[in-house]
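Below is one structure; the comments refer to it alone.
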Amino acid sequence: MNKVGEHQDFIGTPIEQWPLVTRSQADELKGIKFRTVEDVANCSDQQLQRIGMIAGMSPHSFREKAKAFLNLASDSADVAQREAELQALREENDKIKAETEAKLAAMQEQMTAILAAVAEKKPKTRKTRS
């Protein structure tokens with residue numbers, strides 16, 4: 001967390017996108033090198049002292065809220081990923097059903113044609129009574 005330019009890419013959720021903090025709080029936190037929610041959630045107790053009352057609550061509570069926010073975001077991402085996978089499986093299942101129904105219809109047509117051909121070749125015999 002040493003000197004970092006404004007155009008530096010960071011990994012994590014930008015602090016200004018965290019609904020818990022105002023724009024001015026985000027600016028103050030960035031001023032003391034807390035640029036992401038992950039920075040707050042993973043900071044040491046010594047780093048936490050620098051936050052002080054910027055967040056309007058105890059720094060320890062602020063860190064816990066950051067951890068809770070990230071856990072919730074992670075859980076939401078997992079749910080979204082599972083929903084996407086489920087949707088993909090549904091689409092694949094529908095495709096397989098359509099292919100199966102098409103093959104079944106083709107087989108039924110072939111069977112009907114074969115039975116019709118067999119019926120034409122079979123000599124018709126009349127039963128006579130003697």
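Residues are referred to by chain and number: the chain letter is A, B, ... according to the order shown in the structure tokens, the number counts from 1 in that chain, and ligands are numbered separately from 1 in the order shown.
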
- Query: What's the 10 Å shell around His60 in chain A, counting only C-alpha atoms, without same-chain residues fewer than 2 positions away, as a PyMOL selection string?
  - Reply: chain A and resi 40-41+45+48-49+51-52+57-58+62-66

Could those selected residues go to a file with N, CA and C atoms, as a PDB file, in the first residue's frame?
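Saved the output as again.pdb:
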ATOM      1  N   VAL A  40      -9.981  -3.211   3.212  1.00  0.00           N
ATOM      2  CA  VAL A  40     -10.549  -2.997   4.547  1.00  0.00           C
ATOM      3  C   VAL A  40     -10.760  -4.339   5.248  1.00  0.00           C
ATOM      4  N   ALA A  41     -11.332  -5.294   4.541  1.00  0.00           N
ATOM      5  CA  ALA A  41     -11.657  -6.591   5.147  1.00  0.00           C
ATOM      6  C   ALA A  41     -10.411  -7.350   5.590  1.00  0.00           C
ATOM      7  N   ASP A  45      -4.861  -5.147  12.484  1.00  0.00           N
ATOM      8  CA  ASP A  45      -5.329  -4.237  13.536  1.00  0.00           C
ATOM      9  C   ASP A  45      -4.550  -2.921  13.495  1.00  0.00           C
ATOM     10  N   LEU A  48      -5.886  -0.936  10.736  1.00  0.00           N
ATOM     11  CA  LEU A  48      -7.245  -0.548  11.099  1.00  0.00           C
ATOM     12  C   LEU A  48      -7.266   0.725  11.933  1.00  0.00           C
ATOM     13  N   GLN A  49      -6.235   0.936  12.741  1.00  0.00           N
ATOM     14  CA  GLN A  49      -6.176   2.138  13.570  1.00  0.00           C
ATOM     15  C   GLN A  49      -6.132   3.401  12.717  1.00  0.00           C
ATOM     16  N   ILE A  51      -7.828   3.955  10.113  1.00  0.00           N
ATOM     17  CA  ILE A  51      -9.176   4.293   9.657  1.00  0.00           C
ATOM     18  C   ILE A  51      -9.866   5.177  10.675  1.00  0.00           C
ATOM     19  N   GLY A  52      -9.659   4.893  11.943  1.00  0.00           N
ATOM     20  CA  GLY A  52     -10.290   5.690  12.996  1.00  0.00           C
ATOM     21  C   GLY A  52     -11.801   5.696  12.833  1.00  0.00           C
ATOM     22  N   MET A  57     -18.205   4.613  12.474  1.00  0.00           N
ATOM     23  CA  MET A  57     -18.395   3.507  13.419  1.00  0.00           C
ATOM     24  C   MET A  57     -17.019   3.032  13.848  1.00  0.00           C
ATOM     25  N   SER A  58     -16.993   2.111  14.780  1.00  0.00           N
ATOM     26  CA  SER A  58     -15.687   1.624  15.216  1.00  0.00           C
ATOM     27  C   SER A  58     -14.987   0.925  14.049  1.00  0.00           C
ATOM     28  N   PHE A  62     -16.371  -1.770  11.240  1.00  0.00           N
ATOM     29  CA  PHE A  62     -16.249  -1.446   9.819  1.00  0.00           C
ATOM     30  C   PHE A  62     -15.589  -2.601   9.067  1.00  0.00           C
ATOM     31  N   ARG A  63     -14.528  -3.162   9.647  1.00  0.00           N
ATOM     32  CA  ARG A  63     -13.846  -4.302   9.011  1.00  0.00           C
ATOM     33  C   ARG A  63     -14.780  -5.502   8.928  1.00  0.00           C
ATOM     34  N   GLU A  64     -15.541  -5.761   9.991  1.00  0.00           N
ATOM     35  CA  GLU A  64     -16.480  -6.891   9.980  1.00  0.00           C
ATOM     36  C   GLU A  64     -17.572  -6.700   8.919  1.00  0.00           C
ATOM     37  N   LYS A  65     -18.023  -5.460   8.760  1.00  0.00           N
ATOM     38  CA  LYS A  65     -19.037  -5.184   7.733  1.00  0.00           C
ATOM     39  C   LYS A  65     -18.450  -5.394   6.337  1.00  0.00           C
ATOM     40  N   ALA A  66     -17.178  -5.065   6.170  1.00  0.00           N
ATOM     41  CA  ALA A  66     -16.505  -5.305   4.883  1.00  0.00           C
ATOM     42  C   ALA A  66     -16.440  -6.807   4.598  1.00  0.00           C
TER      43      ALA A  66
END

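When only C-alpha atoms are used to compute distances to Ser74 in chain A, the closest of the residues A:Thr13, A:Thr112, A:Ser61, A:Gln87 turns out to be A:Thr13.
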
- Message: Could you go through range 7-86 of chain A and tell me which residues DSSP, when run on the backbone, assigns to alpha helix (DSSP H), listing them as a ChimeraX atom specification?
- Response: /A:23-31,37-41,45-51,59-86

- Message: Quick one: residues within 10 Å of Val21 in chain A, only C-alpha atoms, excluding same-chain residues fewer than 6 positions away - as number ranges by chain?
- Response: A: 15, 27, 29, 54-56, 62

Go ahead and save the residues from that selection, with N, CA and C atoms, as a PDB file, in the first residue's frame.
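Saved as part_32.pdb:
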ATOM      1  N   ILE A  15     -13.652   0.815  -3.406  1.00  0.00           N
ATOM      2  CA  ILE A  15     -14.271   1.286  -2.160  1.00  0.00           C
ATOM      3  C   ILE A  15     -15.467   2.184  -2.433  1.00  0.00           C
ATOM      4  N   ASP A  27     -13.307   8.774  -0.491  1.00  0.00           N
ATOM      5  CA  ASP A  27     -12.136   9.608  -0.801  1.00  0.00           C
ATOM      6  C   ASP A  27     -11.153   9.623   0.360  1.00  0.00           C
ATOM      7  N   LEU A  29     -10.819   7.289   2.675  1.00  0.00           N
ATOM      8  CA  LEU A  29     -10.216   5.956   2.772  1.00  0.00           C
ATOM      9  C   LEU A  29      -9.152   5.762   1.689  1.00  0.00           C
ATOM     10  N   ILE A  54     -13.450   7.333  10.427  1.00  0.00           N
ATOM     11  CA  ILE A  54     -13.811   7.776   9.073  1.00  0.00           C
ATOM     12  C   ILE A  54     -15.145   7.184   8.650  1.00  0.00           C
ATOM     13  N   ALA A  55     -15.367   5.932   8.991  1.00  0.00           N
ATOM     14  CA  ALA A  55     -16.573   5.235   8.545  1.00  0.00           C
ATOM     15  C   ALA A  55     -17.794   5.569   9.394  1.00  0.00           C
ATOM     16  N   GLY A  56     -17.619   6.315  10.464  1.00  0.00           N
ATOM     17  CA  GLY A  56     -18.746   6.658  11.315  1.00  0.00           C
ATOM     18  C   GLY A  56     -19.100   5.556  12.295  1.00  0.00           C
ATOM     19  N   PHE A  62     -16.371  -1.770  11.240  1.00  0.00           N
ATOM     20  CA  PHE A  62     -16.249  -1.446   9.819  1.00  0.00           C
ATOM     21  C   PHE A  62     -15.589  -2.601   9.067  1.00  0.00           C
TER      22      PHE A  62
END

- Item | Selected residue, from A:Ala117, A:Leu104, A:Leu70, A:Leu20, that lies nearest to Asp39 in chain A when counting only C-alpha atoms |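 Selected residue with least distance to Asp39 in chain A: A:Leu70.
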
- Using only C-alpha atoms, find the one residue out of A:Val37, A:Leu72, A:Ile32, A:Val118 that sits nearest to Trp18 in chain A.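 Between A:Val37, A:Leu72, A:Ile32, A:Val118, the residue approaching Trp18 in chain A most closely is A:Val37.
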
- Item | Atomic distance CA of Gln110 in chain A - CA of Asp94 in chain A, expressed in Å with one decimal |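 Spanning CA of Gln110 in chain A to CA of Asp94 in chain A is a straight-line distance of 24.4 Å.
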
- Determine the nearest neighbour of Lys30 in chain A from the options A:Arg50, A:Glu120, A:Ser44, A:Ala77, counting only C-alpha atoms.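 Closest to Lys30 in chain A, using only C-alpha atoms: A:Arg50.
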
- Just how far from CA of Phe10 in chain A is CA of Glu38 in chain A, in Å to one decimal?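 Distance reported for this atom pair: 10.2 Å.
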
- For CA of Thr36 in chain A and CA of Arg82 in chain A, quote the distance in Å rounded to one decimal.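 CA of Arg82 in chain A lies 26.3 Å from CA of Thr36 in chain A.
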
- With only C-alpha atoms as the basis for distance, which of A:Ala68, A:Glu28, A:Ser76, A:Glu109 is at the shortest distance from Met53 in chain A? A:Glu28
